[in-house]
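Note: the block below is model10.txt and it holds compact mmCIF, C-alpha atoms.
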# COMPACT_ATOMS: atom_id res chain seq x y z
CA MET A 482 -54.03 14.39 -3.84
CA SER A 483 -55.64 12.34 -6.57
CA THR A 484 -52.78 11.93 -9.11
CA HIS A 485 -49.76 9.69 -8.57
CA LEU A 486 -46.48 10.97 -7.23
CA THR A 487 -44.41 12.91 -9.75
CA PRO A 488 -40.78 11.91 -10.45
CA GLN A 489 -39.71 14.96 -8.40
CA GLN A 490 -41.82 13.82 -5.46
CA ILE A 491 -40.41 10.29 -5.75
CA SER A 492 -36.86 11.64 -5.71
CA GLU A 493 -37.69 13.86 -2.74
CA TRP A 494 -39.20 10.87 -0.95
CA ILE A 495 -36.07 8.80 -1.53
CA LEU A 496 -33.93 11.66 -0.21
CA GLY A 497 -36.02 11.76 2.95
CA ASP A 498 -38.03 14.89 2.13
CA ARG A 499 -41.52 13.51 2.77
CA ARG A 500 -44.35 16.00 2.72
CA ARG A 501 -47.62 15.30 4.39
CA GLU A 502 -49.70 15.19 1.20
CA ALA A 503 -47.24 12.74 -0.38
CA GLU A 504 -47.36 10.56 2.71
CA LEU A 505 -51.13 10.50 2.61
CA HIS A 506 -51.10 9.54 -1.05
CA VAL A 507 -48.57 6.76 -0.59
CA ARG A 508 -50.65 5.28 2.19
CA ALA A 509 -53.64 5.17 -0.11
CA CYS A 510 -51.99 4.32 -3.47
CA SER A 511 -50.57 0.83 -3.80
CA LEU A 512 -49.03 1.65 -7.21
CA CYS A 513 -46.90 4.48 -5.82
CA GLN A 514 -46.13 2.41 -2.76
CA ALA A 515 -44.88 -0.45 -4.96
CA GLU A 516 -42.86 1.89 -7.12
CA LEU A 517 -41.17 3.51 -4.13
CA ASN A 518 -40.45 0.13 -2.58
CA GLN A 519 -38.97 -1.20 -5.79
CA PHE A 520 -36.75 1.86 -6.22
CA GLU A 521 -35.54 1.66 -2.64
CA ILE A 522 -34.80 -2.05 -2.99
CA SER A 523 -32.90 -1.39 -6.22
CA LEU A 524 -30.77 1.29 -4.57
CA LYS A 525 -30.11 -0.99 -1.61
CA GLU A 526 -29.05 -3.79 -3.92
CA PHE A 527 -26.89 -1.38 -5.86
CA ARG A 528 -25.12 -0.44 -2.62
CA SER A 529 -24.49 -4.01 -1.56
CA SER A 530 -23.40 -5.01 -5.08
CA VAL A 531 -20.87 -2.18 -5.30
CA ARG A 532 -19.56 -3.05 -1.85
CA GLN A 533 -19.13 -6.72 -2.68
CA TRP A 534 -17.64 -5.94 -6.06
CA SER A 535 -15.14 -3.57 -4.46
CA GLU A 536 -14.21 -6.14 -1.82
CA GLY A 537 -13.58 -8.60 -4.62
CA GLN A 538 -11.28 -6.14 -6.36
CA LEU A 539 -9.53 -5.26 -3.12
CA SER A 540 -8.86 -8.85 -2.15
CA ALA A 541 -7.48 -9.45 -5.63
CA TYR A 542 -4.96 -6.71 -4.94
CA PHE A 543 -4.27 -7.57 -1.32
CA PRO A 544 -4.45 -11.32 -0.90
CA PRO A 545 -5.29 -12.30 2.66
CA GLN A 546 -2.25 -13.06 4.73
CA VAL A 547 -1.49 -16.73 5.17
CA LYS A 548 -2.26 -17.80 8.71
CA ARG A 549 0.74 -19.32 10.40
CA ASN A 550 0.23 -22.39 12.54
CA PRO A 551 1.43 -21.86 16.08
CA ALA A 552 4.82 -23.50 16.68
CA ARG A 553 4.63 -26.82 18.52
CA PRO A 554 7.04 -27.69 21.39
CA TRP A 555 8.71 -30.55 19.49
CA MET A 556 9.28 -28.21 16.55
CA VAL A 557 10.95 -25.69 18.85
CA GLY A 558 13.20 -28.46 20.26
CA LEU A 559 14.07 -29.65 16.78
CA GLY A 560 14.94 -26.11 15.80
CA TRP A 561 17.27 -25.70 18.76
CA ALA A 562 18.93 -29.06 18.03
CA MET A 563 19.51 -28.05 14.42
CA ALA A 564 20.96 -24.73 15.55
CA ILE A 565 23.38 -26.48 17.94
CA ILE A 566 24.47 -28.95 15.24
CA ILE A 567 25.11 -26.13 12.80
CA LEU A 568 27.07 -24.23 15.46
CA CYS A 569 29.20 -27.31 16.23
CA LEU A 570 29.94 -27.85 12.55
CA PHE A 571 30.94 -24.22 12.21
CA VAL A 572 33.23 -24.31 15.24
CA GLY A 573 34.80 -27.59 14.03
CA ARG A 574 35.51 -26.07 10.70
CA LEU A 575 37.13 -23.06 12.34
CA SER A 576 39.43 -25.29 14.44
CA ASP A 577 40.43 -27.24 11.29
CA ARG A 578 41.42 -24.00 9.76
CA SER A 579 43.64 -22.98 12.76
CA GLY A 580 46.21 -25.93 12.14
CA PRO A 581 47.22 -24.88 8.65
CA GLN A 582 47.38 -21.32 9.85
CA LEU A 583 50.04 -22.24 12.46
CA GLN A 584 51.99 -24.22 9.82
CA THR A 585 51.91 -21.25 7.56
CA ALA A 586 53.36 -19.02 10.29
CA ALA A 587 56.29 -21.43 10.91
CA THR A 588 57.03 -21.64 7.19
CA THR A 589 57.05 -17.87 6.92
CA ALA A 590 59.57 -17.57 9.79
CA ALA A 591 61.85 -20.19 8.20
CA ASP A 592 61.63 -18.44 4.86
CA ALA A 593 62.54 -15.15 6.47
CA ALA A 594 65.61 -16.71 8.15
CA LEU A 595 66.70 -18.30 4.88
CA LEU A 596 66.36 -15.02 3.06
CA THR A 597 68.46 -13.25 5.72
CA GLN A 598 71.17 -15.87 5.31
CA ILE A 599 71.10 -15.53 1.53
CA ASP A 600 71.37 -11.78 1.84
CA TYR A 601 74.37 -12.20 4.07
CA GLU A 602 76.04 -14.63 1.66
CA VAL A 603 75.39 -12.47 -1.35
CA SER A 604 76.58 -9.33 0.33
CA ARG A 605 80.04 -10.83 1.01
CA THR A 606 82.70 -9.35 -1.22
CA VAL A 607 85.42 -11.99 -0.71
CA PRO A 608 85.24 -15.80 -0.99
CA ASP A 609 85.42 -18.04 2.08
CA SER A 610 89.04 -19.01 1.45
CA MET A 611 90.18 -15.38 1.56
CA GLN A 612 88.12 -14.54 4.55
CA PRO A 613 91.01 -14.75 7.08
CA LEU A 614 92.96 -12.20 5.01
CA THR A 615 90.23 -9.66 5.41
CA GLN A 616 90.84 -9.81 9.12
CA LEU A 617 94.49 -8.87 8.57
CA VAL A 618 93.75 -6.01 6.23
CA SER A 619 91.44 -3.27 7.09
CA TRP A 620 89.90 -1.56 4.08
CA ASP A 621 89.23 1.51 6.05
CA ALA A 622 90.97 4.50 4.44
CA SER A 623 92.55 5.88 7.61
CA SER A 624 93.71 2.53 8.80
CA SER A 625 95.02 1.60 5.32
CA THR A 626 97.39 4.57 5.31
CA SER A 627 98.74 3.83 8.77
CA THR A 628 98.83 0.04 9.07
CA GLY A 629 99.03 -0.79 5.36
CA GLY A 630 101.79 1.78 4.88
CA ALA A 631 103.69 0.47 7.88
CA HIS A 632 103.53 -3.12 6.61
CA ALA A 633 104.76 -1.97 3.20
CA SER A 634 107.73 -0.01 4.62
CA GLU A 635 108.60 -2.95 6.86
CA SER A 636 108.72 -5.33 3.92
CA ARG A 637 110.86 -2.93 1.89
CA THR A 638 113.44 -2.49 4.69
CA GLN A 639 113.61 -6.24 5.15
CA MET B 680 -30.64 0.68 12.05
CA GLU B 681 -27.76 -0.41 9.86
CA CYS B 682 -26.80 3.22 9.36
CA ALA B 683 -26.79 3.89 13.12
CA ALA B 684 -24.68 0.81 13.75
CA THR B 685 -22.22 1.86 11.05
CA SER B 686 -21.90 5.39 12.40
CA SER B 687 -21.35 4.16 15.95
CA LEU B 688 -18.73 1.74 14.64
CA MET B 689 -17.09 4.62 12.83
CA SER B 690 -17.02 6.76 15.95
CA ILE B 691 -15.38 3.88 17.84
CA ALA B 692 -12.94 3.53 14.98
CA ASP B 693 -12.19 7.24 15.24
CA HIS B 694 -11.33 6.80 18.91
CA VAL B 695 -9.18 3.78 18.13
CA ALA B 696 -7.34 5.67 15.44
CA ALA B 697 -7.31 8.95 17.32
CA ASP B 698 -3.61 9.06 16.89
CA ILE B 699 -3.36 9.60 13.17
CA GLY B 700 0.27 8.62 13.33
CA ASP B 701 -0.96 5.06 13.78
CA LEU B 702 -1.16 4.54 10.05
CA ASP B 703 -1.59 0.79 10.26
CA SER B 704 -4.85 1.04 12.19
CA ILE B 705 -6.15 3.77 9.92
CA LEU B 706 -5.31 1.79 6.81
CA ARG B 707 -6.95 -1.31 8.19
CA LEU B 708 -10.13 0.59 9.08
CA TYR B 709 -10.59 2.96 6.19
CA ARG B 710 -8.74 1.58 3.18
CA PRO B 711 -11.68 -0.54 1.96
CA LYS B 712 -14.01 2.45 2.06
CA VAL B 713 -11.63 4.86 0.34
CA PHE B 714 -10.72 2.26 -2.27
CA ARG B 715 -14.41 1.49 -2.90
CA PHE B 716 -15.32 5.12 -3.45
CA ILE B 717 -12.40 5.76 -5.80
CA LEU B 718 -12.97 2.52 -7.69
CA ALA B 719 -16.68 3.22 -8.12
CA SER B 720 -15.87 6.75 -9.30
CA LEU B 721 -13.13 5.88 -11.78
CA ARG B 722 -13.84 2.20 -12.54
CA ASP B 723 -10.14 1.62 -12.97
CA LYS B 724 -8.48 -0.76 -10.53
CA ASP B 725 -4.94 0.48 -11.05
CA ALA B 726 -5.90 4.13 -10.69
CA ALA B 727 -8.03 3.31 -7.64
CA GLU B 728 -5.14 1.52 -6.03
CA THR B 729 -2.73 4.36 -6.73
CA LEU B 730 -5.12 7.08 -5.56
CA THR B 731 -5.95 5.11 -2.39
CA GLN B 732 -2.27 5.02 -1.54
CA ASP B 733 -1.98 8.73 -2.37
CA CYS B 734 -4.94 9.46 -0.13
CA PHE B 735 -3.37 7.86 2.93
CA PHE B 736 0.02 9.31 2.12
CA LYS B 737 -1.49 12.81 1.94
CA ALA B 738 -3.44 12.24 5.13
CA TYR B 739 -0.29 11.14 6.91
CA GLN B 740 1.63 14.13 5.62
CA ALA B 741 -1.14 16.53 6.68
CA ARG B 742 -1.87 14.83 10.01
CA ASP B 743 -0.83 17.94 11.94
CA ARG B 744 -3.51 19.94 10.15
CA PHE B 745 -6.32 17.57 11.13
CA ARG B 746 -8.19 19.48 13.83
CA HIS B 747 -10.98 16.98 14.51
CA GLU B 748 -13.57 19.41 13.13
CA CYS B 749 -15.05 16.47 11.26
CA SER B 750 -14.59 12.76 11.71
CA LEU B 751 -11.46 11.10 10.42
CA ASP B 752 -13.67 9.15 8.05
CA THR B 753 -15.07 12.34 6.50
CA TRP B 754 -11.62 13.91 6.35
CA LEU B 755 -10.23 10.93 4.44
CA MET B 756 -13.19 10.99 2.08
CA GLN B 757 -12.56 14.70 1.50
CA ILE B 758 -9.00 13.88 0.38
CA ALA B 759 -10.31 11.03 -1.78
CA VAL B 760 -12.92 13.29 -3.42
CA ASN B 761 -10.22 15.85 -4.25
CA LEU B 762 -7.94 13.18 -5.68
CA VAL B 763 -10.72 11.78 -7.88
CA ARG B 764 -11.61 15.27 -9.06
CA ASP B 765 -7.98 16.12 -9.90
CA TYR B 766 -7.49 12.80 -11.63
CA SER B 767 -10.61 13.27 -13.74
CA ARG B 768 -9.62 16.81 -14.63
CA ASN B 769 -6.21 15.83 -15.84
CA ARG B 770 -6.88 15.86 -19.54
CA ARG B 771 -3.45 14.66 -20.44
CA LEU B 772 -4.38 11.31 -18.97
CA GLN B 773 -7.66 11.02 -20.82
CA PHE B 774 -6.23 9.07 -23.74
CA TRP B 775 -4.34 6.64 -21.52
CA LYS B 776 -7.32 6.23 -19.24
CA ARG B 777 -9.54 5.34 -22.20
CA THR B 778 -6.94 2.91 -23.50
CA GLN B 779 -6.64 1.28 -20.10
CA VAL B 780 -10.37 0.90 -19.67
CA LEU B 781 -10.64 -0.63 -23.13
CA ALA B 782 -7.79 -3.00 -22.40
CA LYS B 783 -9.09 -4.11 -19.02
CA PRO B 784 -12.88 -3.83 -18.89
CA VAL B 785 -14.10 -3.65 -15.29
CA GLN B 786 -16.56 -6.34 -14.41
CA GLY B 787 -20.06 -4.98 -13.80
CA VAL B 788 -21.46 -4.82 -10.29
CA GLN B 789 -24.64 -6.61 -11.31
CA ASP B 790 -22.76 -9.89 -11.04
CA TRP B 791 -22.24 -9.25 -7.32
CA LEU B 792 -25.87 -9.30 -6.22
CA SER B 793 -25.98 -10.45 -2.64
CA SER B 794 -29.58 -11.31 -2.03
CA GLY B 795 -30.33 -14.96 -2.32
CA GLN B 796 -33.89 -14.73 -0.98
CA HIS B 797 -35.40 -13.43 -4.22
CA SER B 798 -37.14 -15.61 -6.75
CA PRO B 799 -35.26 -16.10 -10.06
CA GLU B 800 -37.57 -13.61 -11.78
CA ALA B 801 -37.13 -10.99 -9.08
CA ALA B 802 -33.37 -11.59 -9.04
CA ALA B 803 -33.23 -11.11 -12.81
CA LEU B 804 -35.22 -7.89 -12.53
CA LEU B 805 -32.97 -6.63 -9.74
CA LYS B 806 -29.91 -7.48 -11.75
CA GLU B 807 -31.23 -5.39 -14.63
CA GLU B 808 -32.05 -2.48 -12.35
CA VAL B 809 -28.67 -2.57 -10.62
CA GLN B 810 -27.01 -2.64 -14.03
CA ALA B 811 -29.13 0.36 -15.08
CA ILE B 812 -28.15 2.32 -11.95
CA TRP B 813 -24.48 1.42 -12.45
CA SER B 814 -24.62 2.51 -16.08
CA ALA B 815 -26.54 5.70 -15.26
CA ALA B 816 -24.07 6.63 -12.52
CA ASP B 817 -21.25 6.36 -15.03
CA HIS B 818 -22.90 8.95 -17.26
CA LEU B 819 -23.58 11.44 -14.49
CA PRO B 820 -21.57 14.67 -14.33
CA GLN B 821 -18.62 14.52 -11.94
CA LYS B 822 -20.24 16.32 -8.99
CA GLN B 823 -23.54 14.47 -9.29
CA ARG B 824 -21.73 11.13 -9.49
CA THR B 825 -19.66 11.95 -6.42
CA VAL B 826 -22.62 12.90 -4.25
CA PHE B 827 -24.64 9.97 -5.59
CA LEU B 828 -21.94 7.47 -4.68
CA LEU B 829 -21.33 9.06 -1.29
CA ARG B 830 -25.04 8.91 -0.51
CA PHE B 831 -26.10 5.60 -2.00
CA VAL B 832 -22.92 3.54 -1.69
CA GLU B 833 -21.14 5.03 1.29
CA ASP B 834 -24.38 5.80 3.13
CA MET B 835 -23.25 9.26 4.17
CA ASP B 836 -25.80 11.89 5.18
CA LEU B 837 -26.08 15.32 3.56
CA LEU B 838 -23.93 17.09 6.14
CA GLU B 839 -21.14 14.54 5.81
CA ILE B 840 -21.28 14.78 2.02
CA ALA B 841 -21.16 18.57 2.29
CA ALA B 842 -18.07 18.34 4.50
CA ALA B 843 -16.39 15.81 2.21
CA THR B 844 -17.08 17.70 -1.01
CA GLY B 845 -16.76 21.24 0.30
CA MET B 846 -20.24 22.10 -0.99
CA LYS B 847 -23.12 23.64 0.89
CA GLU B 848 -25.82 21.31 2.11
CA GLY B 849 -28.36 22.81 -0.29
CA THR B 850 -26.00 22.34 -3.24
CA VAL B 851 -25.45 18.73 -2.27
CA LYS B 852 -29.18 18.21 -2.13
CA THR B 853 -29.65 19.76 -5.57
CA HIS B 854 -26.93 17.57 -7.13
CA LEU B 855 -28.36 14.53 -5.43
CA PHE B 856 -31.85 15.31 -6.61
CA ARG B 857 -30.71 15.75 -10.22
CA ALA B 858 -28.62 12.59 -10.08
CA LEU B 859 -31.56 10.63 -8.75
CA GLN B 860 -33.82 11.98 -11.47
CA THR B 861 -31.36 10.94 -14.18
CA VAL B 862 -30.87 7.51 -12.68
CA ARG B 863 -34.60 6.94 -12.43
CA GLU B 864 -35.12 8.01 -16.01
CA ARG B 865 -32.45 5.57 -17.12
CA MET B 866 -34.12 2.85 -15.14
CA GLY B 867 -37.28 3.47 -17.11
CA GLY B 868 -39.31 5.01 -14.30
CA ARG B 869 -42.37 7.12 -14.88
CA ALA B 870 -41.39 10.44 -16.45
File written out as structure tokens:
Amino acid sequence: MSTHLTPQQISEWILGDRRREAELHVRACSLCQAELNQFEISLKEFRSSVRQWSEGQLSAYFPPQVKRNPARPWMVGLGWAMAIIILCLFVGRLSDRSGPQLQTAATTAADAALLTQIDYEVSRTVPDSMQPLTQLVSWDASSSTSTGGAHASESRTQ
Amino acid sequence: MECAATSSLMSIADHVAADIGDLDSILRLYRPKVFRFILASLRDKDAAETLTQDCFFKAYQARDRFRHECSLDTWLMQIAVNLVRDYSRNRRLQFWKRTQVLAKPVQGVQDWLSSGQHSPEAAALLKEEVQAIWSAADHLPQKQRTVFLLRFVEDMDLLEIAAATGMKEGTVKTHLFRALQTVRERMGGRA
């Protein structure tokens, strides 16, 4: 094979299809050898460039996670102390709240008693001074005809 | 060597994530790869992010249908390839996609050259060539671009690409050959 490799033969070579006559020529021809080497290097560089470029794009989208420092013993202790202090403050606040709550309950009971008394006073139909009279006279209809009528007849006969 | 190491790592990863219900492990292992393929195909960060999430969501939903006929890696790439294809076909989104790309131009990959052992002249030449490949890949037809990226970025072999794309091995080879020809022409290789 006296002439140089054709573009088809170069493409076939790159794709791994290497015929014997092409191999013999490449061994003998430094020009073809150089051209094949340069093309292979270019493709290799293309691959690594695309890979690095893609990694750059990917890391821009997914920033690496921030590495957390392992917790130190004194930090753990401090954390527990803070938690206990916060718990104490919370409990203290709850107990402060329980005093007013009891006071409120007592006030409510007193109010209820007062309202009952007021209801009783308002519901009375006769004043205090006439109260004993109500005990003498029953306003019940049946009793009014018997006892009331009896008292009336007694007073008339007298 | 690198390829063998990667494939053995992937097979270990498949064992680790054998239970596909373990979504966290699967996401941790495969999200970068799926995201990379989608991003390189669409060159739109937002779309790549959305489709990557869709890919894992679909995989999780269809986990009962995964019969271990291919590796989990290939299966996920198959879903990703379908999502990219559907997204590209959706013509209603074309206008918005163009607007988005204009609004937020994606930085070129040539700025991410890794090799520091080259001389400044060689590095500059490589940068130009990588830029030419990147630009050429963008102009490839959908199928050619997919197989090109799967082969030359994801380092998948022809059988894996065939499984991921649903094409026959010969068809994959043809698309790959044409893609390579176009890329080489764009790089200014001998015609």
Point-to-point distance from atom CA of B:Leu708 to atom CA of B:Asp836, Å rounded to tenths: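 Pair atom CA of B:Leu708 / atom CA of B:Asp836 returns 19.7 Å.
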Please report, as CSV, each residue of chain A lying at most 6 Å from chain B, together with the nearest pair of atoms and the separation in Å rounded to one decimal; use all atoms listed in the file, and order rows by chain and ascending residue number.
residue,atom,partner,partner_atom,distance
A:Phe527,CA,B:Val809,CA,5.2
A:Arg528,CA,B:Val832,CA,4.6
A:Ser530,CA,B:Trp791,CA,4.9
A:Val531,CA,B:Val788,CA,5.7
A:Trp534,CA,B:Trp791,CA,5.8
A:Ser535,CA,B:Arg715,CA,5.3
Edge lengths and centre in Å to one decimal, as AutoDock Vina command-line options, is what I'm after for the box along x, y and z that holds all listed atoms of stretch 831-844 of chain B once 3 Å is added on each side.
--center_x -21.2 --center_y 11.1 --center_z 2.1 --size_x 15.7 --size_y 21.0 --size_z 14.1
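Atom CA of B:Glu848 is positioned 19.9 Å from atom CA of A:Ile491.
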Between atom CA of B:Ser750 and atom CA of A:Glu526, distance in Å (one decimal):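 It comes out at 27.0 Å.
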Selection near B:Val763, 9 Å with all atoms listed in the file, sequence-local residues under 3 positions removed, as a list in words: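 That gives Ile717, Ser720, Leu721, Ala727, Leu730, Ile758, Ala759, Val760, Tyr766, Ser767 and Arg768 of chain B.
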Identify which of the residues A:Ile495, A:Ile565, A:Thr589, A:Glu602 lies closest to A:Ile522, counting all atoms listed in the file when measuring atom-to-atom distances.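 That would be A:Ile495, the residue with the smallest distance to A:Ile522.
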